[in-house]
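Remarks on the structure that follows.
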Amino acid sequence: MSWPNRFQHLVETSKDPRIQAFYQQGVVDPYQQLSQCEFVALDFETTGLDPNTDDIVSVGVVPFDLRRIRLAQAKHWLVKPTSPLAEESVVLHRITHSQVESAPDLQDILEEVFASLHGKVIVVHYQFVEKSFFNSALKARLGEGIEFPVIDTMEIEKSAINNARSWLDKLKRKPIPSVRLADCRKRYGLPYYQPHHALSDALATAELFQAQAQYCLDPSDMVKRWWS
Amino acid sequence: MEVEHQEIANFLVAYPPFSDLPQEALHKLASQVEVGYYRAGSGILEYGEQITYLYVIRSGAVELYRRSGELYNRISTGGIFGQRGLLMNRKVRFGAQSLEDTLVYCIPVGIFDEYCDVYEAFADYFEADDNARLKITVSEQADSNDLTTAKVRKLLLRDVVYVERNATVQQAAKVMAKEHVSSLLIYDPEKPVVEDPDEDDGQVVGLISDRDLRTKVVAEGLDYQTPVSEIMSTDLIIVDSNAYVFEAMMLMLRDNVHHLPVVHKRKPIGVVALSDILRYESQSSLLFVRGLMDQQSVEDLSSYAKQLPAIFTRMVNEDANSHMIGSAMSIIGKTFKHKLLELAEAKLGPPPIPYCFIALGSMARDEQLIVTDQDNALILDDSYQPAEHGAYFEKLAKFVCDGLANCGYKYCDGGIMASNPAWRLTYSQWLAQFEDWIENPSPEALLNSSIFFDLEGVWGETKWAEKLTAFISKKAKNTPKFLAAMAHNALRRTPPLGFFNGFVLEQDGEHRRSMNIKRRGTAPLSDLVRVHALGVGSKKQNSFERLEDIDEANILPKGKVLDLQAALEYIAIMRIRHQAWQIEQGEKPDNSLPPETLSDFEQRNLKEAFGVLDKAQSFLKFRYQNKSMMK
């Protein structure tokens, strides 16, 4: 799929002005080399695992390039989910009911979030969460969803593992190692970070991508090879 | 709004100098950090390039290189680099390369500068960097050696001497002459004794001094039967026993008095004279030595020796450096030998033939401390006839060695003592022995004899010891395989640093979880210095003096001698302080230092000092062993 063409199409079909503006900004040039790109790691914490019933409670973005992650420009928002906070999820991401009570709705911070993504290649770990939840959350609020390209560190890891697996491993059906964020990081000597905080998870994802860039990617690769 | 970067703040707070920052400063710092990932083996900084960040290793390991390409340091999680460059023209001073996959937190120079301005501890941490930091620590200690740290009660060597107010000036003069004092306190037996011990002034009403006798009695032709109360000074200026020596000195200078009663609560416990203060600073251990020479028997000596720990801790508390303390303790040790030999000769009669009593090891090096073995030997005149003279020297040696043991100098475990017939040799035999050690070296044979290469004559024909030293220095220098064997032994004991600069602790025995700072620190350092000293033909025995000769010979890379001096001083003074602390706690002093008793600052300096030793050992190996065939 050509993302520039897709965005072109979406500009024409979208109705909400904010979403339209998002598409209007266009996507990063798919032929740009990774080493030249500006990235932004994006992470959501959610009330549960089902995008149809659960909602976003926090958003973290961390901008970076292949050399440096710039925390001074990182951002983090708490948002009030439409679905109630389950006890289990409170335990997980430690965001409390009273905190979300006073938090804004996703709609109210949407433009800020879009601004922080502008001109950057979005990097996530396990794109299903960010893509589906963002889409559903906007659909519920604005009546239309959203699409965007991402580089998924989990996909990079899977392909790296697959390349490294010998035919014998495959023949013996040796189990594929875990591609959870923390486990991926361990393979690159990255430290353990407490998971389930949108900002630290975004930072963790950015660091993982930097490490993958040095081990599994060619910095001169074009963006289009890795995003989806 | 600054976003909370809990992961980063939580990490930084565990490491100095970030641990000293206030909470909000730490969070602000965490929010400004940039993060970089370096795969193992990639370059992070190159010498001379512009530097705009301070680097903190979050995970992994980094090696720092000098411009020459020589490895300078290896640091891991929590380690900081780039500070030298930031402080010096913003150009990288040490190239950096990742040894493992490494994640670094980079602190922008703007906030680094800001924090150096605002937070003193933060600035101190960086401004005194690395070996420079070690040197600053050492010289700060040397500079603070003054009267400001010692308490006046330490000047009191004897009990206070009194006469009552009705005594005549002649009686008073007799007491002063008998007690060897230049002043007396005068008390009034009629004066009521107060109930409250805090108010008890011991019924003291005045003081007379030598000067009062001179100016008020003799010069005025006063009757010797005049009561002292007529000439005594009554407006007594007194000083509390807790006052500092310098305060007492200021009082005396201010009020032009030469004697100051020292009171505890209000009761006089002694009198200090100005001369005591003037003598005090440099000569406290000399006074001890002088007193030592007055002792008349082994029993007297051994009871006098009980003061030794106090002399030692006093020097430490006055911040004397390790060289001063080592020299003082060695002089004292030699004086004990001296005195014991006098007593032995008095008992056994004059020696039938000339001899020389020699000190070996730390005493010969002027590096003796409080926990020490006696290592000594005898050089006998070549006219020695075992049948005729053997019994005399056996008795003499036994007398001295037993005497030393009575005074707290333990017998040598290895039997290197004059009381062992193996170490009572004639001059020619010693010469042959040294020749054999040097010409037919094997590390095993030299293992227990390296101590003989620190040698000093203490009594008798001391010139023989000098001649042996001259022989050794000439011969050793030209015998590479001997130097190689000595180097081999000098490398047996390594500093207690593990991979990535953690302390390696003793895992068994009495001193678990501690490090033996002598075995792993001062001893390998003095071994190493000895090899270089022999290599350059130095005749010096003291490690610091040997280092001066080594420096002059220019055999070590530039700056190394300074590093070694600083490292030796630091490790030695840590050992000394540890022992002084144990003595003050009523413990038996030892060499086992538990690292958890050290501050972060001390740990870091100690690690650096051990790092200097580690590098110097590598160089020693390279210099003396590569060229020689060691089997």
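Note on naming: chains are A, B, ... as they come in the structure tokens, residues start from 1 per chain, ligands start from 1 in the order shown.
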Tell me, as a VMD selection string, which residues lie within 10 Å of region 12-17 of chain A, counting only C-alpha atoms; anything in the same chain fewer than 2 positions away does not count.
-> chain A and resid 7 to 10 19 to 24 142 to 146
DSSP helix (DSSP H, G or I) selection over region 395-608 of chain B, as a short mmCIF file (atom, residue, chain, number, x, y, z; two decimals) with C-alpha atoms, in the first residue's frame:
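Result saved to selection.cif:
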```
data_model
loop_
_atom_site.label_atom_id
_atom_site.label_comp_id
_atom_site.auth_asym_id
_atom_site.auth_seq_id
_atom_site.Cartn_x
_atom_site.Cartn_y
_atom_site.Cartn_z
CA LYS B 395 71.67 -14.87 73.92
CA LEU B 396 71.85 -11.31 72.68
CA ALA B 397 69.44 -12.00 69.82
CA LYS B 398 67.05 -13.86 72.05
CA PHE B 399 67.08 -11.01 74.57
CA VAL B 400 66.24 -8.45 71.91
CA CYS B 401 63.59 -10.51 70.11
CA ASP B 402 61.85 -11.52 73.34
CA GLY B 403 62.06 -7.92 74.51
CA LEU B 404 60.52 -6.68 71.30
CA ALA B 405 57.74 -9.24 71.64
CA ASN B 406 57.12 -7.94 75.16
CA PRO B 421 70.60 -18.84 63.63
CA ALA B 422 69.96 -18.80 59.88
CA TRP B 423 69.87 -15.00 60.04
CA TYR B 427 79.38 -9.97 56.61
CA SER B 428 80.96 -12.22 53.96
CA GLN B 429 78.20 -14.77 54.33
CA TRP B 430 75.57 -12.07 53.86
CA LEU B 431 77.38 -10.87 50.77
CA ALA B 432 77.40 -14.41 49.40
CA GLN B 433 73.74 -14.84 50.33
CA PHE B 434 72.68 -11.71 48.47
CA GLU B 435 74.87 -12.67 45.53
CA ASP B 436 73.17 -16.06 45.39
CA TRP B 437 69.67 -14.56 45.63
CA ILE B 438 70.44 -12.17 42.80
CA GLU B 439 72.38 -14.50 40.51
CA PRO B 443 60.43 -16.59 42.34
CA GLU B 444 59.92 -19.35 44.91
CA ALA B 445 63.29 -18.79 46.53
CA LEU B 446 62.77 -15.05 46.58
CA LEU B 447 59.25 -15.29 47.88
CA SER B 450 62.23 -10.06 49.29
CA ILE B 451 61.97 -8.60 52.78
CA PHE B 452 65.79 -8.64 52.94
CA PHE B 453 65.89 -6.13 50.14
CA THR B 462 75.78 0.19 60.61
CA LYS B 463 78.19 0.93 57.76
CA TRP B 464 78.09 -2.79 56.91
CA ALA B 465 74.40 -2.47 56.17
CA GLU B 466 75.16 0.45 53.89
CA LYS B 467 77.85 -1.57 52.11
CA LEU B 468 75.40 -4.44 51.59
CA THR B 469 72.84 -2.00 50.22
CA ALA B 470 75.40 -0.57 47.81
CA PHE B 471 76.33 -4.08 46.67
CA ILE B 472 72.68 -5.01 46.13
CA SER B 473 71.83 -1.86 44.22
CA LYS B 474 74.74 -2.29 41.83
CA LYS B 475 74.27 -6.00 41.27
CA ALA B 476 70.45 -6.11 41.04
CA LYS B 477 70.27 -3.37 38.46
CA PRO B 480 67.47 -8.79 34.52
CA LYS B 481 66.45 -12.30 35.52
CA PHE B 482 66.60 -11.30 39.19
CA LEU B 483 64.45 -8.26 38.51
CA ALA B 484 62.08 -10.49 36.56
CA ALA B 485 61.78 -12.89 39.49
CA MET B 486 61.17 -10.01 41.88
CA ALA B 487 58.61 -8.59 39.46
CA HIS B 488 56.94 -11.97 39.32
CA ASN B 489 56.54 -11.94 43.09
CA ALA B 490 55.41 -8.34 43.09
CA PHE B 499 35.62 -6.67 36.76
CA PHE B 500 34.15 -3.21 36.27
CA ASN B 501 35.74 -1.75 39.33
CA LYS B 518 47.85 -4.27 53.42
CA ARG B 519 47.99 -7.53 51.49
CA ARG B 520 46.06 -6.13 48.54
CA GLY B 521 47.18 -2.52 48.74
CA THR B 522 50.25 -1.20 50.51
CA ALA B 523 52.24 -4.44 50.28
CA PRO B 524 51.92 -4.95 46.50
CA LEU B 525 52.60 -1.25 46.02
CA SER B 526 55.80 -1.32 48.03
CA ASP B 527 56.76 -4.58 46.28
CA LEU B 528 56.28 -2.89 42.95
CA VAL B 529 58.21 0.20 43.98
CA ARG B 530 61.03 -2.00 45.28
CA VAL B 531 61.41 -3.74 41.91
CA HIS B 532 61.65 -0.45 40.05
CA ALA B 533 64.02 0.93 42.71
CA LEU B 534 66.31 -2.08 42.34
CA GLY B 535 65.98 -1.72 38.59
CA SER B 543 58.93 3.83 49.05
CA PHE B 544 58.35 7.56 48.60
CA GLU B 545 62.09 8.20 48.39
CA ARG B 546 62.45 5.26 46.03
CA LEU B 547 59.76 6.80 43.85
CA GLU B 548 61.82 9.99 43.67
CA ASP B 549 64.78 8.01 42.36
CA ILE B 550 62.49 6.15 39.95
CA ASP B 551 61.14 9.46 38.72
CA GLU B 552 64.64 10.76 38.12
CA ALA B 553 65.58 7.64 36.18
CA LYS B 560 53.02 7.63 36.58
CA VAL B 561 55.27 8.38 39.51
CA LEU B 562 52.91 11.09 40.68
CA ASP B 563 50.02 8.68 40.34
CA LEU B 564 51.89 6.06 42.34
CA GLN B 565 52.79 8.53 45.08
CA ALA B 566 49.19 9.64 45.38
CA ALA B 567 47.92 6.06 45.35
CA LEU B 568 50.44 4.91 47.95
CA GLU B 569 49.65 7.85 50.20
CA TYR B 570 45.92 7.30 49.88
CA ILE B 571 45.94 3.57 50.50
CA ALA B 572 48.45 3.90 53.34
CA ILE B 573 46.50 6.65 55.04
CA MET B 574 43.25 4.68 54.75
CA ARG B 575 44.98 1.77 56.42
CA ILE B 576 46.39 4.04 59.10
CA ARG B 577 43.04 5.67 59.78
CA HIS B 578 41.34 2.32 59.96
CA GLN B 579 43.80 1.18 62.60
CA ALA B 580 43.57 4.42 64.56
CA TRP B 581 39.81 4.11 64.51
CA GLN B 582 40.00 0.55 65.81
CA ILE B 583 42.35 1.61 68.60
CA GLU B 584 39.95 4.37 69.61
CA PRO B 595 34.14 -1.27 52.38
CA GLU B 596 30.72 -0.44 53.77
CA THR B 597 32.40 1.67 56.43
CA ASP B 600 31.16 6.99 48.58
CA PHE B 601 33.92 9.50 48.22
CA GLU B 602 36.45 7.30 50.00
CA GLN B 603 35.35 4.26 48.03
CA ARG B 604 35.82 6.09 44.79
CA ASN B 605 39.25 7.38 45.74
CA LEU B 606 40.28 3.99 46.98
CA LYS B 607 39.13 2.38 43.76
CA GLU B 608 41.12 4.91 41.81
#
```
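Counting only C-alpha atoms, the residue from B:Phe393, B:Tyr105, B:Phe81, B:Tyr409 that sits nearest to chain A is B:Tyr105.
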Can you list every residue in region 118-188 of chain A that DSSP puts in strand (DSSP E), as a ChimeraX atom specification?
-> /A:121-124,150-152
Save out the residues we just selected, all heavy atoms, as a PDB file, in the first residue's frame.
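Once written, again15.pdb looks like this:
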```
ATOM      1  N   VAL A 121       7.949   9.652  11.862  1.00  0.00           N
ATOM      2  CA  VAL A 121       7.548   8.269  11.653  1.00  0.00           C
ATOM      3  C   VAL A 121       7.179   7.697  13.020  1.00  0.00           C
ATOM      4  O   VAL A 121       7.977   7.764  13.965  1.00  0.00           O
ATOM      5  CB  VAL A 121       8.700   7.449  11.047  1.00  0.00           C
ATOM      6  CG1 VAL A 121       8.255   6.008  10.810  1.00  0.00           C
ATOM      7  CG2 VAL A 121       9.180   8.092   9.752  1.00  0.00           C
ATOM      8  N   ILE A 122       5.966   7.165  13.116  1.00  0.00           N
ATOM      9  CA  ILE A 122       5.509   6.648  14.409  1.00  0.00           C
ATOM     10  C   ILE A 122       6.078   5.253  14.630  1.00  0.00           C
ATOM     11  O   ILE A 122       6.047   4.406  13.733  1.00  0.00           O
ATOM     12  CB  ILE A 122       3.971   6.608  14.445  1.00  0.00           C
ATOM     13  CG1 ILE A 122       3.423   8.036  14.299  1.00  0.00           C
ATOM     14  CG2 ILE A 122       3.464   5.961  15.736  1.00  0.00           C
ATOM     15  CD1 ILE A 122       1.916   8.092  14.057  1.00  0.00           C
ATOM     16  N   VAL A 123       6.619   5.026  15.815  1.00  0.00           N
ATOM     17  CA  VAL A 123       7.169   3.720  16.159  1.00  0.00           C
ATOM     18  C   VAL A 123       6.401   3.189  17.368  1.00  0.00           C
ATOM     19  O   VAL A 123       6.220   3.909  18.358  1.00  0.00           O
ATOM     20  CB  VAL A 123       8.670   3.810  16.492  1.00  0.00           C
ATOM     21  CG1 VAL A 123       9.226   2.449  16.886  1.00  0.00           C
ATOM     22  CG2 VAL A 123       9.450   4.367  15.301  1.00  0.00           C
ATOM     23  N   VAL A 124       5.926   1.960  17.272  1.00  0.00           N
ATOM     24  CA  VAL A 124       5.191   1.353  18.383  1.00  0.00           C
ATOM     25  C   VAL A 124       5.690  -0.075  18.587  1.00  0.00           C
ATOM     26  O   VAL A 124       6.387  -0.636  17.735  1.00  0.00           O
ATOM     27  CB  VAL A 124       3.664   1.294  18.110  1.00  0.00           C
ATOM     28  CG1 VAL A 124       3.105   2.685  17.923  1.00  0.00           C
ATOM     29  CG2 VAL A 124       3.382   0.416  16.889  1.00  0.00           C
ATOM     30  N   VAL A 150       2.864   2.833  10.810  1.00  0.00           N
ATOM     31  CA  VAL A 150       3.782   2.731  11.953  1.00  0.00           C
ATOM     32  C   VAL A 150       4.904   1.750  11.643  1.00  0.00           C
ATOM     33  O   VAL A 150       4.747   0.856  10.804  1.00  0.00           O
ATOM     34  CB  VAL A 150       3.081   2.224  13.240  1.00  0.00           C
ATOM     35  CG1 VAL A 150       1.977   3.171  13.688  1.00  0.00           C
ATOM     36  CG2 VAL A 150       2.555   0.810  13.066  1.00  0.00           C
ATOM     37  N   ILE A 151       5.988   1.951  12.304  1.00  0.00           N
ATOM     38  CA  ILE A 151       7.021   0.919  12.343  1.00  0.00           C
ATOM     39  C   ILE A 151       6.788   0.172  13.649  1.00  0.00           C
ATOM     40  O   ILE A 151       6.640   0.786  14.706  1.00  0.00           O
ATOM     41  CB  ILE A 151       8.442   1.527  12.302  1.00  0.00           C
ATOM     42  CG1 ILE A 151       8.713   2.129  10.924  1.00  0.00           C
ATOM     43  CG2 ILE A 151       9.477   0.459  12.633  1.00  0.00           C
ATOM     44  CD1 ILE A 151      10.102   2.713  10.749  1.00  0.00           C
ATOM     45  N   ASP A 152       6.724  -1.154  13.567  1.00  0.00           N
ATOM     46  CA  ASP A 152       6.414  -1.958  14.752  1.00  0.00           C
ATOM     47  C   ASP A 152       7.666  -2.726  15.184  1.00  0.00           C
ATOM     48  O   ASP A 152       8.150  -3.601  14.463  1.00  0.00           O
ATOM     49  CB  ASP A 152       5.277  -2.929  14.403  1.00  0.00           C
ATOM     50  CG  ASP A 152       4.775  -3.685  15.634  1.00  0.00           C
ATOM     51  OD1 ASP A 152       5.474  -3.679  16.673  1.00  0.00           O
ATOM     52  OD2 ASP A 152       3.684  -4.290  15.539  1.00  0.00           O
TER      53      ASP A 152
END
```
Closest pair table for chain B residues within 6 Å of chain A, only C-alpha atoms, as a Markdown table:
```
| residue | atom | partner | partner_atom | distance |
| --- | --- | --- | --- | --- |
| B:Ser31 | CA | A:Ala72 | CA | 5.4 |
| B:Gln32 | CA | A:Ala72 | CA | 4.6 |
| B:Val33 | CA | A:Leu71 | CA | 5.8 |
| B:Glu34 | CA | A:Arg70 | CA | 4.8 |
| B:Val35 | CA | A:Ile69 | CA | 4.8 |
| B:Gly36 | CA | A:Arg68 | CA | 5.0 |
| B:Asp101 | CA | A:Gly189 | CA | 5.7 |
```
8 Å contact set for Val79 (chain A), only C-alpha atoms, chain neighbours under 2 positions out, as an MDAnalysis selection string = chainID A and resid 56:59 77 81 100 103:106
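The closest residue to Asp375 (chain B), picked from B:Arg214, B:Arg424, B:Lys154, B:Lys410 and counting only C-alpha atoms, is B:Lys410.
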Distance query Ser228 (chain A) at most 10 Å, only C-alpha atoms, self and fewer than 5 positions along chain excluded, as a PyMOL selection string = chain A and resi 1-3+127+148-152+155+223
Put those residues in a file: N, CA, C and O atoms, as an mmCIF file, in the first residue's frame.
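The result, written out as out25.cif:
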```cif
data_model
loop_
_atom_site.group_PDB
_atom_site.id
_atom_site.type_symbol
_atom_site.label_atom_id
_atom_site.label_comp_id
_atom_site.auth_asym_id
_atom_site.auth_seq_id
_atom_site.Cartn_x
_atom_site.Cartn_y
_atom_site.Cartn_z
ATOM 1 N N MET A 1 0.839 -1.194 0.000
ATOM 2 C CA MET A 1 0.000 0.000 0.000
ATOM 3 C C MET A 1 0.877 1.248 0.000
ATOM 4 O O MET A 1 1.868 1.315 0.700
ATOM 5 N N SER A 2 0.476 2.226 -0.765
ATOM 6 C CA SER A 2 1.194 3.488 -0.765
ATOM 7 C C SER A 2 0.534 4.424 0.244
ATOM 8 O O SER A 2 -0.615 4.845 0.056
ATOM 9 N N TRP A 3 1.255 4.762 1.311
ATOM 10 C CA TRP A 3 0.680 5.613 2.354
ATOM 11 C C TRP A 3 0.384 7.039 1.864
ATOM 12 O O TRP A 3 -0.677 7.586 2.199
ATOM 13 N N GLN A 127 1.641 -3.052 17.053
ATOM 14 C CA GLN A 127 0.824 -1.995 16.457
ATOM 15 C C GLN A 127 -0.677 -2.170 16.641
ATOM 16 O O GLN A 127 -1.431 -1.194 16.574
ATOM 17 N N PHE A 148 -3.000 5.198 10.048
ATOM 18 C CA PHE A 148 -1.665 5.820 9.918
ATOM 19 C C PHE A 148 -0.617 4.721 9.866
ATOM 20 O O PHE A 148 -0.834 3.624 10.378
ATOM 21 N N PRO A 149 0.505 5.020 9.221
ATOM 22 C CA PRO A 149 1.562 4.010 9.147
ATOM 23 C C PRO A 149 2.408 4.001 10.414
ATOM 24 O O PRO A 149 2.599 5.048 11.027
ATOM 25 N N VAL A 150 2.864 2.833 10.810
ATOM 26 C CA VAL A 150 3.782 2.731 11.953
ATOM 27 C C VAL A 150 4.904 1.750 11.643
ATOM 28 O O VAL A 150 4.747 0.856 10.804
ATOM 29 N N ILE A 151 5.988 1.951 12.304
ATOM 30 C CA ILE A 151 7.021 0.919 12.343
ATOM 31 C C ILE A 151 6.788 0.172 13.649
ATOM 32 O O ILE A 151 6.640 0.786 14.706
ATOM 33 N N ASP A 152 6.724 -1.154 13.567
ATOM 34 C CA ASP A 152 6.414 -1.958 14.752
ATOM 35 C C ASP A 152 7.666 -2.726 15.184
ATOM 36 O O ASP A 152 8.150 -3.601 14.463
ATOM 37 N N GLU A 155 7.391 -6.426 15.049
ATOM 38 C CA GLU A 155 7.542 -7.042 13.726
ATOM 39 C C GLU A 155 9.017 -7.161 13.343
ATOM 40 O O GLU A 155 9.452 -8.155 12.777
ATOM 41 N N VAL A 223 12.221 4.108 4.560
ATOM 42 C CA VAL A 223 11.154 3.952 5.540
ATOM 43 C C VAL A 223 10.135 2.930 5.075
ATOM 44 O O VAL A 223 9.658 2.099 5.849
#
```
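By chain and then residue number, the residues within 12 Å of Ala121 (chain B) are Pro16, Pro17, Phe18, Ser19, Asp20, Leu21, Pro22, Tyr115, Cys116, Asp117, Tyr125, Phe126, Glu127, Ala128 and Phe601 of chain B, counting only C-alpha atoms and disregarding those fewer than 4 positions away in sequence.
Note that CA of Tyr126 (chain A) and CA of Tyr38 (chain B) are 23.9 Å apart.
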Near region 235-241 of chain B, counting only C-alpha atoms, which residues have an atom at most 7 Å away, once you skip same-chain residues fewer than 5 positions from it, shown as a list in words?
-> Val152, Arg153, Gly206, Ala248, Leu260, Pro261, Val262, Val263 and His264 of chain B
Generate a file of the selected residues that holds N, CA, C and O atoms, formatted as a PDB file, in the first residue's frame.
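After the write, result_30.pdb holds the following:
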```pdb
ATOM      1  N   VAL B 152      43.803  20.481  73.808  1.00  0.00           N
ATOM      2  CA  VAL B 152      44.858  20.882  74.730  1.00  0.00           C
ATOM      3  C   VAL B 152      45.187  19.780  75.745  1.00  0.00           C
ATOM      4  O   VAL B 152      46.312  19.639  76.188  1.00  0.00           O
ATOM      5  N   ARG B 153      44.220  18.931  76.051  1.00  0.00           N
ATOM      6  CA  ARG B 153      44.485  17.890  77.064  1.00  0.00           C
ATOM      7  C   ARG B 153      45.564  16.920  76.597  1.00  0.00           C
ATOM      8  O   ARG B 153      46.204  16.247  77.396  1.00  0.00           O
ATOM      9  N   GLY B 206      46.494  30.110  93.251  1.00  0.00           N
ATOM     10  CA  GLY B 206      47.481  30.832  92.457  1.00  0.00           C
ATOM     11  C   GLY B 206      48.455  29.912  91.751  1.00  0.00           C
ATOM     12  O   GLY B 206      48.321  28.682  91.796  1.00  0.00           O
ATOM     13  N   ALA B 248      44.679  27.627  73.264  1.00  0.00           N
ATOM     14  CA  ALA B 248      45.564  27.819  74.416  1.00  0.00           C
ATOM     15  C   ALA B 248      46.715  28.739  74.033  1.00  0.00           C
ATOM     16  O   ALA B 248      47.094  29.642  74.781  1.00  0.00           O
ATOM     17  N   LEU B 260      49.610  27.829  81.723  1.00  0.00           N
ATOM     18  CA  LEU B 260      48.160  27.882  81.708  1.00  0.00           C
ATOM     19  C   LEU B 260      47.626  26.635  82.417  1.00  0.00           C
ATOM     20  O   LEU B 260      47.840  25.522  81.948  1.00  0.00           O
ATOM     21  N   PRO B 261      46.959  26.834  83.576  1.00  0.00           N
ATOM     22  CA  PRO B 261      46.351  25.648  84.185  1.00  0.00           C
ATOM     23  C   PRO B 261      45.250  25.108  83.270  1.00  0.00           C
ATOM     24  O   PRO B 261      44.481  25.882  82.706  1.00  0.00           O
ATOM     25  N   VAL B 262      45.230  23.803  83.137  1.00  0.00           N
ATOM     26  CA  VAL B 262      44.206  23.170  82.318  1.00  0.00           C
ATOM     27  C   VAL B 262      43.190  22.561  83.267  1.00  0.00           C
ATOM     28  O   VAL B 262      43.562  21.844  84.194  1.00  0.00           O
ATOM     29  N   VAL B 263      41.921  22.904  83.081  1.00  0.00           N
ATOM     30  CA  VAL B 263      40.918  22.400  84.015  1.00  0.00           C
ATOM     31  C   VAL B 263      39.952  21.453  83.301  1.00  0.00           C
ATOM     32  O   VAL B 263      39.644  21.616  82.132  1.00  0.00           O
ATOM     33  N   HIS B 264      39.519  20.466  84.056  1.00  0.00           N
ATOM     34  CA  HIS B 264      38.431  19.615  83.602  1.00  0.00           C
ATOM     35  C   HIS B 264      37.291  19.893  84.559  1.00  0.00           C
ATOM     36  O   HIS B 264      37.455  19.765  85.761  1.00  0.00           O
TER      37      HIS B 264
END
```
